[in-house]
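Reading through the structure tokens given below for one structure.
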Amino acid sequence: MLWERLSQAVGAGRPVYRVMHPDRQRRAMLELLCQICGGPASRTSRGWLFLANRTGPELAAAGGAEEMLTAQPPLCLPCAGIAVRQCPSLTGRHTAVRSRKPSLWGVWGSVYRPGGRVLEEVGEGASLPYGHPGTRWLLASQLIRELRRATPVDLTTELAGQNG
């Protein structure tokens with residue numbers, strides 16, 4: 001799998017919530033680390049903590065949390081509280097989900113095709129499962145996990161429980 005490369009300046013600048021560095025995203029997804037602080041993600045008997053940028057009814061209408069695909073790594077509880085307050089895509093429209101089996105599913109990236117002497121980019125990007133023949137023409141930038149044995153949880157209750 002060919003992975004996108006970008007320069008790194010750890011600790012420099014301000015967060016860009018819509019974009020996560022490919023290396024950081026990949027490491028957080030592989031090792032189930034918090035996408036914000038890089039420490040261990042929250043894990044309880046109900047599973048690892050993920051945030052979906054959908055409300056509970058939106059998530060239910062999309063088929064629920066079970067088998068949901070996500071490119072967003074898990075979070076620790078303190079960072080989840082920060083994320084829902086500061087991240088524009090989560091503020092007011094999120095659902096916390098715990099997954100007992102967040103399985104690696106595939107990758108997201110830019111798809112290319114041969115075009116004479118150069119490769120031509122096709123479309124805006126695609127999510128492809130591992131083993132798909134198209135992955136050989138994909139420049140990967142994010143790992144994707146499928147949330148299995150997943151249930152929505154009340155993040156407010158969990159955050160209150162960590163302080164009490």
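Quick note on naming: the chains in the structure tokens go A, B, ... in the order shown, residues restart at 1 in each chain, and ligands are numbered from 1 in order of appearance.
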Hey, what's within 9 Å of Val153 in chain A if we count only C-alpha atoms and toss same-chain stuff fewer than 2 positions away? As a PyMOL selection string, please?
chain A and resi 49+95-98+151+155-158
Taking N, CA, C and O atoms for each residue, export the selection above as an mmCIF file, in the first residue's frame.
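out07.cif, written as the output of this step:
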```cif
data_model
loop_
_atom_site.group_PDB
_atom_site.id
_atom_site.type_symbol
_atom_site.label_atom_id
_atom_site.label_comp_id
_atom_site.auth_asym_id
_atom_site.auth_seq_id
_atom_site.Cartn_x
_atom_site.Cartn_y
_atom_site.Cartn_z
ATOM 1 N N LEU A 49 -13.723 3.989 22.781
ATOM 2 C CA LEU A 49 -14.585 5.155 22.567
ATOM 3 C C LEU A 49 -14.285 5.833 21.231
ATOM 4 O O LEU A 49 -13.145 6.210 20.949
ATOM 5 N N THR A 95 -22.468 11.584 18.330
ATOM 6 C CA THR A 95 -22.880 10.440 19.125
ATOM 7 C C THR A 95 -21.616 9.706 19.541
ATOM 8 O O THR A 95 -20.761 9.426 18.706
ATOM 9 N N ALA A 96 -21.514 9.430 20.832
ATOM 10 C CA ALA A 96 -20.402 8.625 21.335
ATOM 11 C C ALA A 96 -20.760 7.153 21.138
ATOM 12 O O ALA A 96 -21.897 6.742 21.377
ATOM 13 N N VAL A 97 -19.784 6.396 20.672
ATOM 14 C CA VAL A 97 -19.991 4.977 20.384
ATOM 15 C C VAL A 97 -18.836 4.202 21.004
ATOM 16 O O VAL A 97 -17.676 4.610 20.903
ATOM 17 N N ARG A 98 -19.162 3.096 21.635
ATOM 18 C CA ARG A 98 -18.129 2.180 22.124
ATOM 19 C C ARG A 98 -18.188 0.912 21.284
ATOM 20 O O ARG A 98 -19.262 0.382 21.029
ATOM 21 N N THR A 151 -22.080 -0.007 20.399
ATOM 22 C CA THR A 151 -23.298 0.562 20.975
ATOM 23 C C THR A 151 -23.079 2.036 21.278
ATOM 24 O O THR A 151 -22.006 2.427 21.752
ATOM 25 N N LEU A 155 -22.060 10.208 26.442
ATOM 26 C CA LEU A 155 -20.752 10.790 26.744
ATOM 27 C C LEU A 155 -20.808 11.677 27.984
ATOM 28 O O LEU A 155 -19.875 11.671 28.792
ATOM 29 N N THR A 156 -21.888 12.411 28.167
ATOM 30 C CA THR A 156 -22.024 13.269 29.349
ATOM 31 C C THR A 156 -21.928 12.457 30.626
ATOM 32 O O THR A 156 -21.244 12.843 31.570
ATOM 33 N N THR A 157 -22.612 11.306 30.672
ATOM 34 C CA THR A 157 -22.559 10.432 31.841
ATOM 35 C C THR A 157 -21.149 9.884 32.050
ATOM 36 O O THR A 157 -20.658 9.850 33.179
ATOM 37 N N GLU A 158 -20.500 9.489 30.967
ATOM 38 C CA GLU A 158 -19.138 8.958 31.087
ATOM 39 C C GLU A 158 -18.164 10.022 31.572
ATOM 40 O O GLU A 158 -17.300 9.759 32.398
#
```
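Close contacts of Thr91 in chain A, defined as residues with an atom at most 12 Å away when counting only C-alpha atoms, with chain neighbours fewer than 2 positions off set aside, comprise A:Tyr17, A:Leu51, A:Ala52, A:Asn53, A:Arg54, A:Thr55, A:Ala80, A:Gly81, A:Ile82, A:Ala83, A:Val84, A:Arg85, A:Gln86, A:Cys87, A:Pro88, A:Ser89, A:Arg93, A:His94, A:Thr95.
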Residue contacts of Ser103 in chain A (12 Å, only C-alpha atoms) excluding same-chain residues fewer than 4 positions away, as a PyMOL selection string:
chain A and resi 29-32+47-48+66-71+73+99+129-130+143-150
Do you have the CA of Arg100 in chain A-CA of Ala126 in chain A distance handy?
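Pair CA of Arg100 in chain A / CA of Ala126 in chain A returns 26.2 Å.
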Among chain A, which ones does DSSP assign to strand (DSSP E) (computed from the backbone)? Answer as number ranges by chain.
A: 2-3, 43-44, 47-52, 68-70, 95-115, 118-129, 138-153
Could you please write out, as a PyMOL selection string, every residue of range 24-152 of chain A that DSSP assigns to alpha helix (DSSP H)?
chain A and resi 24-31+56-61+77-86
Nearest to Leu75 in chain A, chosen from A:Leu104, A:Ser45, A:Arg117, A:Gln35, with only C-alpha atoms counted in the distances:
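Nearest candidate to Leu75 in chain A out of A:Leu104, A:Ser45, A:Arg117, A:Gln35: A:Gln35.
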Near Arg5 in chain A, within 10 Å and counting only C-alpha atoms, which residues show up once chain neighbours fewer than 6 positions away are dropped, as a ChimeraX atom specification?
/A:21-23,139-141
Would you save the residues of that selection, restricted to all heavy atoms, as a short mmCIF file (atom, residue, chain, number, x, y, z; two decimals), in the first residue's frame?
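The file below, again.cif, is the result:
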```
data_model
loop_
_atom_site.label_atom_id
_atom_site.label_comp_id
_atom_site.auth_asym_id
_atom_site.auth_seq_id
_atom_site.Cartn_x
_atom_site.Cartn_y
_atom_site.Cartn_z
N HIS A 21 -3.06 14.57 10.10
CA HIS A 21 -1.83 14.14 9.45
C HIS A 21 -1.90 12.63 9.18
O HIS A 21 -2.23 11.86 10.09
CB HIS A 21 -0.63 14.48 10.34
CG HIS A 21 0.67 14.39 9.63
ND1 HIS A 21 1.27 13.17 9.38
CD2 HIS A 21 1.48 15.34 9.11
CE1 HIS A 21 2.41 13.39 8.73
NE2 HIS A 21 2.55 14.69 8.56
N PRO A 22 -1.60 12.19 7.94
CA PRO A 22 -1.73 10.77 7.62
C PRO A 22 -0.93 9.84 8.54
O PRO A 22 -1.44 8.79 8.93
CB PRO A 22 -1.21 10.67 6.18
CG PRO A 22 -1.38 12.03 5.62
CD PRO A 22 -1.21 12.98 6.77
N ASP A 23 0.29 10.21 8.90
CA ASP A 23 1.08 9.35 9.78
C ASP A 23 0.46 9.26 11.17
O ASP A 23 0.41 8.19 11.78
CB ASP A 23 2.52 9.87 9.90
CG ASP A 23 3.34 9.64 8.65
OD1 ASP A 23 2.93 8.81 7.81
OD2 ASP A 23 4.38 10.30 8.49
N LEU A 139 -3.54 6.09 -3.47
CA LEU A 139 -2.57 6.74 -2.60
C LEU A 139 -3.28 6.95 -1.27
O LEU A 139 -4.12 7.84 -1.12
CB LEU A 139 -2.10 8.08 -3.18
CG LEU A 139 -1.11 8.87 -2.33
CD1 LEU A 139 0.17 8.07 -2.09
CD2 LEU A 139 -0.80 10.21 -2.98
N ALA A 140 -2.99 6.08 -0.31
CA ALA A 140 -3.72 6.05 0.96
C ALA A 140 -3.32 7.23 1.85
O ALA A 140 -2.16 7.61 1.91
CB ALA A 140 -3.45 4.75 1.68
N SER A 141 -4.32 7.77 2.55
CA SER A 141 -4.04 8.81 3.53
C SER A 141 -4.73 8.57 4.87
O SER A 141 -4.42 9.26 5.84
CB SER A 141 -4.42 10.20 2.99
OG SER A 141 -5.79 10.26 2.71
#
```
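Interatomic distance, CA of Val118 in chain A against CA of Trp137 in chain A: 12.5 Å.
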Please measure the separation of CA of Glu121 in chain A and CA of Leu138 in chain A, giving the value in Å to one decimal.
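CA of Leu138 in chain A lies 9.3 Å from CA of Glu121 in chain A.
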